[in-house]
$ cat coords.pdb   # PDB, C-alpha atoms, pLDDT in the B column
ATOM      1  CA  MET A   1       7.273 -18.618  20.251  1.00 80.00           C
ATOM      2  CA  TYR A   2       6.639 -18.841  23.974  1.00 79.00           C
ATOM      3  CA  ARG A   3       8.548 -15.616  24.597  1.00 84.00           C
ATOM      4  CA  ASP A   4       6.736 -13.746  21.841  1.00 83.00           C
ATOM      5  CA  SER A   5       3.321 -15.041  22.917  1.00 83.00           C
ATOM      6  CA  LYS A   6       3.982 -13.946  26.475  1.00 82.00           C
ATOM      7  CA  LYS A   7       5.399 -10.523  25.537  1.00 82.00           C
ATOM      8  CA  LEU A   8       2.569  -9.864  23.081  1.00 82.00           C
ATOM      9  CA  ASN A   9      -0.035 -11.150  25.549  1.00 82.00           C
ATOM     10  CA  VAL A  10      -1.503 -13.640  23.080  1.00 82.00           C
ATOM     11  CA  LYS A  11      -2.159 -17.322  23.631  1.00 81.00           C
ATOM     12  CA  TYR A  12      -0.646 -18.904  20.546  1.00 77.00           C
ATOM     13  CA  ALA A  13       1.889 -21.248  22.106  1.00 73.00           C
ATOM     14  CA  GLY A  14      -0.668 -23.949  22.869  1.00 80.00           C
ATOM     15  CA  PHE A  15       1.555 -26.952  22.200  1.00 85.00           C
ATOM     16  CA  ASN A  16       3.633 -29.036  24.589  1.00 87.00           C
ATOM     17  CA  LYS A  17       7.226 -28.103  23.752  1.00 87.00           C
ATOM     18  CA  ASP A  18       8.664 -30.359  26.470  1.00 90.00           C
ATOM     19  CA  LEU A  19       6.894 -33.380  25.009  1.00 92.00           C
ATOM     20  CA  LEU A  20       8.171 -32.582  21.528  1.00 91.00           C
ATOM     21  CA  LEU A  21      11.736 -31.937  22.670  1.00 91.00           C
ATOM     22  CA  LYS A  22      11.823 -35.080  24.801  1.00 94.00           C
ATOM     23  CA  ASN A  23      10.636 -37.320  21.959  1.00 92.00           C
ATOM     24  CA  ALA A  24      12.514 -35.778  19.025  1.00 92.00           C
ATOM     25  CA  ARG A  25      15.023 -38.028  17.285  1.00 93.00           C
ATOM     26  CA  VAL A  26      17.393 -37.401  14.397  1.00 94.00           C
ATOM     27  CA  VAL A  27      17.215 -40.130  11.785  1.00 94.00           C
ATOM     28  CA  ASP A  28      19.425 -39.789   8.709  1.00 94.00           C
ATOM     29  CA  GLY A  29      19.800 -36.042   9.356  1.00 93.00           C
ATOM     30  CA  VAL A  30      16.030 -35.485   9.701  1.00 93.00           C
ATOM     31  CA  ILE A  31      14.247 -34.533  12.933  1.00 93.00           C
ATOM     32  CA  CYS A  32      11.575 -37.164  13.554  1.00 93.00           C
ATOM     33  CA  TYR A  33       8.784 -37.660  16.080  1.00 92.00           C
ATOM     34  CA  PRO A  34       6.624 -40.643  16.954  1.00 92.00           C
ATOM     35  CA  GLU A  35       3.434 -40.604  14.898  1.00 93.00           C
ATOM     36  CA  LYS A  36       1.299 -40.320  18.029  1.00 93.00           C
ATOM     37  CA  TYR A  37       2.566 -36.708  18.457  1.00 92.00           C
ATOM     38  CA  ASP A  38       1.410 -35.505  15.062  1.00 92.00           C
ATOM     39  CA  PHE A  39      -1.366 -33.406  16.635  1.00 92.00           C
ATOM     40  CA  GLU A  40       1.194 -31.642  18.884  1.00 91.00           C
ATOM     41  CA  LEU A  41       3.240 -30.850  15.770  1.00 91.00           C
ATOM     42  CA  LYS A  42       0.137 -29.475  14.048  1.00 92.00           C
ATOM     43  CA  LYS A  43      -0.498 -27.260  17.076  1.00 91.00           C
ATOM     44  CA  LEU A  44       3.129 -26.065  16.903  1.00 89.00           C
ATOM     45  CA  PHE A  45       2.831 -25.082  13.236  1.00 90.00           C
ATOM     46  CA  ASN A  46      -0.614 -23.539  13.735  1.00 90.00           C
ATOM     47  CA  SER A  47       0.794 -21.450  16.588  1.00 89.00           C
ATOM     48  CA  ARG A  48       3.659 -20.303  14.408  1.00 90.00           C
ATOM     49  CA  TYR A  49       1.296 -19.449  11.558  1.00 91.00           C
ATOM     50  CA  SER A  50      -0.978 -17.463  13.887  1.00 89.00           C
ATOM     51  CA  LEU A  51       1.935 -15.457  15.290  1.00 88.00           C
ATOM     52  CA  TYR A  52       3.083 -14.551  11.791  1.00 88.00           C
ATOM     53  CA  ARG A  53      -0.402 -13.711  10.552  1.00 88.00           C
ATOM     54  CA  ASP A  54      -1.521 -11.652  13.555  1.00 87.00           C
ATOM     55  CA  CYS A  55       1.697 -10.258  15.027  1.00 87.00           C
ATOM     56  CA  TYR A  56       4.840 -10.412  12.904  1.00 87.00           C
ATOM     57  CA  TYR A  57       3.084  -9.262   9.713  1.00 85.00           C
ATOM     58  CA  HIS A  58       0.856  -6.730  11.463  1.00 87.00           C
ATOM     59  CA  ARG A  59       1.029  -3.327   9.748  1.00 86.00           C
ATOM     60  CA  VAL A  60       2.372  -1.603  12.891  1.00 88.00           C
ATOM     61  CA  THR A  61       5.079  -4.245  13.330  1.00 89.00           C
ATOM     62  CA  GLN A  62       6.038  -3.799   9.682  1.00 89.00           C
ATOM     63  CA  ALA A  63       6.193  -0.010  10.117  1.00 90.00           C
ATOM     64  CA  TYR A  64       8.533  -0.324  13.112  1.00 91.00           C
ATOM     65  CA  GLU A  65      10.691  -2.823  11.240  1.00 92.00           C
ATOM     66  CA  GLY A  66      11.013  -0.349   8.369  1.00 91.00           C
ATOM     67  CA  LEU A  67      12.098   2.357  10.789  1.00 93.00           C
ATOM     68  CA  ILE A  68      14.646   0.040  12.436  1.00 93.00           C
ATOM     69  CA  LEU A  69      16.019  -0.952   9.026  1.00 93.00           C
ATOM     70  CA  ASP A  70      16.497   2.702   8.130  1.00 94.00           C
ATOM     71  CA  ILE A  71      18.305   3.279  11.437  1.00 94.00           C
ATOM     72  CA  LEU A  72      20.578   0.320  10.745  1.00 92.00           C
ATOM     73  CA  GLU A  73      21.242   1.591   7.238  1.00 92.00           C
ATOM     74  CA  GLU A  74      22.290   4.970   8.653  1.00 94.00           C
ATOM     75  CA  THR A  75      24.654   3.330  11.156  1.00 92.00           C
ATOM     76  CA  GLU A  76      26.276   0.944   8.670  1.00 91.00           C
ATOM     77  CA  GLY A  77      30.023   1.457   8.755  1.00 89.00           C
ATOM     78  CA  VAL A  78      29.811   3.942  11.630  1.00 91.00           C
ATOM     79  CA  LEU A  79      28.817   1.738  14.566  1.00 86.00           C
ATOM     80  CA  TYR A  80      29.186  -1.662  12.923  1.00 84.00           C
ATOM     81  CA  ASP A  81      30.086  -3.292   9.679  1.00 86.00           C
ATOM     82  CA  TYR A  82      26.939  -5.402   9.397  1.00 86.00           C
ATOM     83  CA  LEU A  83      28.131  -7.373   6.384  1.00 84.00           C
ATOM     84  CA  ALA A  84      31.269  -8.407   8.275  1.00 86.00           C
ATOM     85  CA  ALA A  85      29.154  -9.279  11.326  1.00 86.00           C
ATOM     86  CA  ILE A  86      27.053 -11.664   9.263  1.00 86.00           C
ATOM     87  CA  GLU A  87      30.195 -13.630   8.443  1.00 89.00           C
ATOM     88  CA  ASP A  88      31.752 -13.445  11.925  1.00 89.00           C
ATOM     89  CA  PRO A  89      29.784 -15.105  14.763  1.00 89.00           C
ATOM     90  CA  GLU A  90      31.756 -13.190  17.425  1.00 88.00           C
ATOM     91  CA  LEU A  91      30.759  -9.821  15.924  1.00 85.00           C
ATOM     92  CA  TYR A  92      27.225 -10.996  15.273  1.00 86.00           C
ATOM     93  CA  LEU A  93      26.687 -11.985  18.897  1.00 87.00           C
ATOM     94  CA  ASP A  94      27.769  -8.499  20.007  1.00 82.00           C
ATOM     95  CA  MET A  95      24.864  -6.906  18.156  1.00 83.00           C
ATOM     96  CA  ASP A  96      21.546  -6.475  19.941  1.00 84.00           C
ATOM     97  CA  ASP A  97      18.950  -3.799  20.679  1.00 83.00           C
ATOM     98  CA  SER A  98      21.623  -1.679  22.346  1.00 87.00           C
ATOM     99  CA  ILE A  99      22.435  -0.330  18.862  1.00 88.00           C
ATOM    100  CA  ILE A 100      19.415   1.953  19.264  1.00 91.00           C
ATOM    101  CA  HIS A 101      20.724   3.203  22.606  1.00 92.00           C
ATOM    102  CA  GLU A 102      24.199   3.740  21.117  1.00 92.00           C
ATOM    103  CA  VAL A 103      22.653   5.937  18.432  1.00 94.00           C
ATOM    104  CA  ARG A 104      20.572   7.788  21.014  1.00 94.00           C
ATOM    105  CA  ILE A 105      23.603   8.786  23.127  1.00 94.00           C
ATOM    106  CA  SER A 106      26.035   9.342  20.262  1.00 93.00           C
ATOM    107  CA  THR A 107      27.318  12.795  19.369  1.00 93.00           C
ATOM    108  CA  ASP A 108      28.920  11.623  16.121  1.00 94.00           C
ATOM    109  CA  PRO A 109      27.724  13.956  13.342  1.00 95.00           C
ATOM    110  CA  ARG A 110      27.626  10.998  10.930  1.00 95.00           C
ATOM    111  CA  LEU A 111      24.754   9.588  13.025  1.00 95.00           C
ATOM    112  CA  ALA A 112      22.582  12.737  12.949  1.00 95.00           C
ATOM    113  CA  ARG A 113      20.017  11.175  10.593  1.00 96.00           C
ATOM    114  CA  ALA A 114      20.006   7.959  12.636  1.00 95.00           C
ATOM    115  CA  ARG A 115      19.322  10.006  15.796  1.00 95.00           C
ATOM    116  CA  GLU A 116      16.378  11.690  14.053  1.00 96.00           C
ATOM    117  CA  LEU A 117      14.990   8.263  13.191  1.00 96.00           C
ATOM    118  CA  VAL A 118      15.485   7.009  16.764  1.00 95.00           C
ATOM    119  CA  ASP A 119      13.626  10.090  18.002  1.00 95.00           C
ATOM    120  CA  LYS A 120      10.776   9.207  15.644  1.00 94.00           C
ATOM    121  CA  PHE A 121      10.860   5.663  17.014  1.00 93.00           C
ATOM    122  CA  ASP A 122      10.716   6.963  20.597  1.00 93.00           C
ATOM    123  CA  ARG A 123       7.815   9.297  19.770  1.00 94.00           C
ATOM    124  CA  ARG A 124       6.015   6.457  17.970  1.00 92.00           C
ATOM    125  CA  GLU A 125       6.031   8.382  14.721  1.00 90.00           C
ATOM    126  CA  ILE A 126       6.086   5.265  12.612  1.00 87.00           C
ATOM    127  CA  TYR A 127       5.816   5.076   8.851  1.00 83.00           C
ATOM    128  CA  SER A 128       2.315   5.228   7.439  1.00 81.00           C
ATOM    129  CA  PHE A 129       0.985   2.455   5.314  1.00 73.00           C
ATOM    130  CA  ILE A 130      -0.113   4.024   2.050  1.00 70.00           C
ATOM    131  CA  ALA A 131      -2.074   1.343   0.260  1.00 64.00           C
ATOM    132  CA  GLU A 132      -2.010  -2.114  -1.162  1.00 63.00           C
ATOM    133  CA  LYS A 133      -4.135  -3.377  -3.977  1.00 62.00           C
ATOM    134  CA  GLY A 134      -3.836  -6.389  -6.181  1.00 66.00           C
ATOM    135  CA  LEU A 135      -3.954  -5.768  -9.915  1.00 64.00           C
ATOM    136  CA  ASN A 136      -5.801  -7.909 -12.380  1.00 71.00           C
ATOM    137  CA  THR A 137      -3.624  -9.406 -15.102  1.00 75.00           C
ATOM    138  CA  GLU A 138      -4.635  -6.928 -17.817  1.00 77.00           C
ATOM    139  CA  VAL A 139      -3.910  -3.861 -15.661  1.00 71.00           C
ATOM    140  CA  ALA A 140      -0.661  -5.387 -14.408  1.00 70.00           C
ATOM    141  CA  ARG A 141       0.607  -5.809 -17.989  1.00 76.00           C
ATOM    142  CA  LYS A 142      -0.035  -2.109 -18.680  1.00 74.00           C
ATOM    143  CA  THR A 143       1.604  -0.939 -15.463  1.00 72.00           C
ATOM    144  CA  PRO A 144       5.258   0.047 -15.838  1.00 74.00           C
ATOM    145  CA  GLU A 145       7.833  -1.760 -13.747  1.00 79.00           C
ATOM    146  CA  VAL A 146       8.695   0.120 -10.570  1.00 78.00           C
ATOM    147  CA  THR A 147      11.996  -0.731  -8.974  1.00 81.00           C
ATOM    148  CA  GLU A 148      12.716  -0.785  -5.266  1.00 80.00           C
ATOM    149  CA  GLN A 149      15.199   2.072  -5.781  1.00 84.00           C
ATOM    150  CA  GLN A 150      12.506   4.222  -7.423  1.00 82.00           C
ATOM    151  CA  VAL A 151      10.235   3.734  -4.395  1.00 79.00           C
ATOM    152  CA  ILE A 152      13.085   4.640  -2.028  1.00 79.00           C
ATOM    153  CA  ASP A 153      14.004   7.717  -4.078  1.00 81.00           C
ATOM    154  CA  CYS A 154      10.384   8.868  -4.151  1.00 79.00           C
ATOM    155  CA  TYR A 155      10.108   8.397  -0.393  1.00 74.00           C
ATOM    156  CA  ARG A 156      13.319  10.366   0.245  1.00 79.00           C
ATOM    157  CA  GLU A 157      12.117  13.181  -2.025  1.00 79.00           C
ATOM    158  CA  HIS A 158       8.920  13.274   0.013  1.00 73.00           C
ATOM    159  CA  LEU A 159      10.952  13.553   3.239  1.00 72.00           C
ATOM    160  CA  ASP A 160      13.123  16.336   1.850  1.00 72.00           C
ATOM    161  CA  GLY A 161      10.211  18.227   0.313  1.00 60.00           C
TER     162      GLY A 161
END
$ encode --input "coords.pdb" --output "structure tokens"
Amino acid sequence: MYRDSKKLNVKYAGFNKDLLLKNARVVDGVICYPEKYDFELKKLFNSRYSLYRDCYYHRVTQAYEGLILDILEETEGVLYDYLAAIEDPELYLDMDDSIIHEVRISTDPRLARARELVDKFDRREIYSFIAEKGLNTEVARKTPEVTEQQVIDCYREHLDG
């Protein structure tokens, strides 16, 4: 939280982490604090909530995350086996932001689409947010189910068209 607050130039980490770390105790497998530090804990959770609300779930952040996920999907099995890396801590620790650079400098034809996406990332051509609207119960019942795959297929058709 401190790193993200500093990098994002926001002042959300307004709690005393040293005080909390120094006074934390594990009792029966549960992290516990003296009751007198309950306000510090509230500040910790409020800071976390604010970062999620204002930064992590920001529409631009979400658009970049979508682009990164598509890049990772295109590199699956070419640069890394991500499913194997999830199970193997050694492989997992090898993965970092350098994946983007590896795609950028690669000449592997299997990574052509990934390179296009990295170029979009570099040019800040992020995905556009279309719309979001809650449906009332009556309208929701009449609306057909739309699967995640249908949304992806529609998006890919739009890219190809």
$ residues_around --input "coords.pdb" --residues "A:Ile68" --least-positions-apart "5" --cutoff "10 Å" --atoms "only C-alpha atoms" --output "list in words"
Gln62, Ala63, Glu73, Glu74, Ile100, Ala114, Leu117, Val118 and Phe121 of chain A
$ write_last_selection --input "coords.pdb" --atoms "C-alpha atoms" --output "mmCIF file, in the frame of the given file"
data_model
loop_
_atom_site.group_PDB
_atom_site.id
_atom_site.type_symbol
_atom_site.label_atom_id
_atom_site.label_comp_id
_atom_site.auth_asym_id
_atom_site.auth_seq_id
_atom_site.Cartn_x
_atom_site.Cartn_y
_atom_site.Cartn_z
ATOM 1 C CA GLN A 62 6.038 -3.799 9.682
ATOM 2 C CA ALA A 63 6.193 -0.010 10.117
ATOM 3 C CA GLU A 73 21.242 1.591 7.238
ATOM 4 C CA GLU A 74 22.290 4.970 8.653
ATOM 5 C CA ILE A 100 19.415 1.953 19.264
ATOM 6 C CA ALA A 114 20.006 7.959 12.636
ATOM 7 C CA LEU A 117 14.990 8.263 13.191
ATOM 8 C CA VAL A 118 15.485 7.009 16.764
ATOM 9 C CA PHE A 121 10.860 5.663 17.014
#
$ atom_distance --input "coords.pdb" --atom1 "atom CA of A:Arg115" --atom2 "atom CA of A:Arg156"
16.7 Å
$ resolve_selection --input "coords.pdb" --expression "the PyMOL selection byres ((chain A and resi 8-22) around 12)" --output "MDAnalysis selection string"
chainID A and resid 1:7 23:26 31:56 61
$ resolve_selection --input "coords.pdb" --expression "the PyMOL selection byres ((chain A and resi 101-108) around 12)" --output "ChimeraX atom specification"
/A:68,71-72,74-76,78-80,95-100,109-122
$ write_last_selection --input "coords.pdb" --atoms "C-alpha atoms" --output "PDB file, in the coordinates of the input"
ATOM      1  CA  ILE A  68      14.646   0.040  12.436  1.00 93.00           C
ATOM      2  CA  ILE A  71      18.305   3.279  11.437  1.00 94.00           C
ATOM      3  CA  LEU A  72      20.578   0.320  10.745  1.00 92.00           C
ATOM      4  CA  GLU A  74      22.290   4.970   8.653  1.00 94.00           C
ATOM      5  CA  THR A  75      24.654   3.330  11.156  1.00 92.00           C
ATOM      6  CA  GLU A  76      26.276   0.944   8.670  1.00 91.00           C
ATOM      7  CA  VAL A  78      29.811   3.942  11.630  1.00 91.00           C
ATOM      8  CA  LEU A  79      28.817   1.738  14.566  1.00 86.00           C
ATOM      9  CA  TYR A  80      29.186  -1.662  12.923  1.00 84.00           C
ATOM     10  CA  MET A  95      24.864  -6.906  18.156  1.00 83.00           C
ATOM     11  CA  ASP A  96      21.546  -6.475  19.941  1.00 84.00           C
ATOM     12  CA  ASP A  97      18.950  -3.799  20.679  1.00 83.00           C
ATOM     13  CA  SER A  98      21.623  -1.679  22.346  1.00 87.00           C
ATOM     14  CA  ILE A  99      22.435  -0.330  18.862  1.00 88.00           C
ATOM     15  CA  ILE A 100      19.415   1.953  19.264  1.00 91.00           C
ATOM     16  CA  PRO A 109      27.724  13.956  13.342  1.00 95.00           C
ATOM     17  CA  ARG A 110      27.626  10.998  10.930  1.00 95.00           C
ATOM     18  CA  LEU A 111      24.754   9.588  13.025  1.00 95.00           C
ATOM     19  CA  ALA A 112      22.582  12.737  12.949  1.00 95.00           C
ATOM     20  CA  ARG A 113      20.017  11.175  10.593  1.00 96.00           C
ATOM     21  CA  ALA A 114      20.006   7.959  12.636  1.00 95.00           C
ATOM     22  CA  ARG A 115      19.322  10.006  15.796  1.00 95.00           C
ATOM     23  CA  GLU A 116      16.378  11.690  14.053  1.00 96.00           C
ATOM     24  CA  LEU A 117      14.990   8.263  13.191  1.00 96.00           C
ATOM     25  CA  VAL A 118      15.485   7.009  16.764  1.00 95.00           C
ATOM     26  CA  ASP A 119      13.626  10.090  18.002  1.00 95.00           C
ATOM     27  CA  LYS A 120      10.776   9.207  15.644  1.00 94.00           C
ATOM     28  CA  PHE A 121      10.860   5.663  17.014  1.00 93.00           C
ATOM     29  CA  ASP A 122      10.716   6.963  20.597  1.00 93.00           C
TER      30      ASP A 122
END
$ closest_atom_pairs --input "coords.pdb" --of "stretch 33-94 of chain A" --to "stretch 123-127 of chain A" --cutoff "8 Å" --atoms "all atoms listed in the file" --output "JSON lines"
{"residue": "A:Val60", "atom": "CA", "partner": "A:Ile126", "partner_atom": "CA", "distance": 7.8}
{"residue": "A:Ala63", "atom": "CA", "partner": "A:Tyr127", "partner_atom": "CA", "distance": 5.3}
{"residue": "A:Tyr64", "atom": "CA", "partner": "A:Ile126", "partner_atom": "CA", "distance": 6.1}
{"residue": "A:Gly66", "atom": "CA", "partner": "A:Tyr127", "partner_atom": "CA", "distance": 7.5}
{"residue": "A:Leu67", "atom": "CA", "partner": "A:Ile126", "partner_atom": "CA", "distance": 6.9}
$ closest_residue --input "coords.pdb" --among "A:Arg141, A:Ile152, A:Phe129, A:Ala85" --to "A:His58" --atoms "all atoms listed in the file"
A:Phe129
$ atom_distance --input "coords.pdb" --atom1 "atom CA of A:Glu148" --atom2 "atom CA of A:Glu65"
16.8 Å
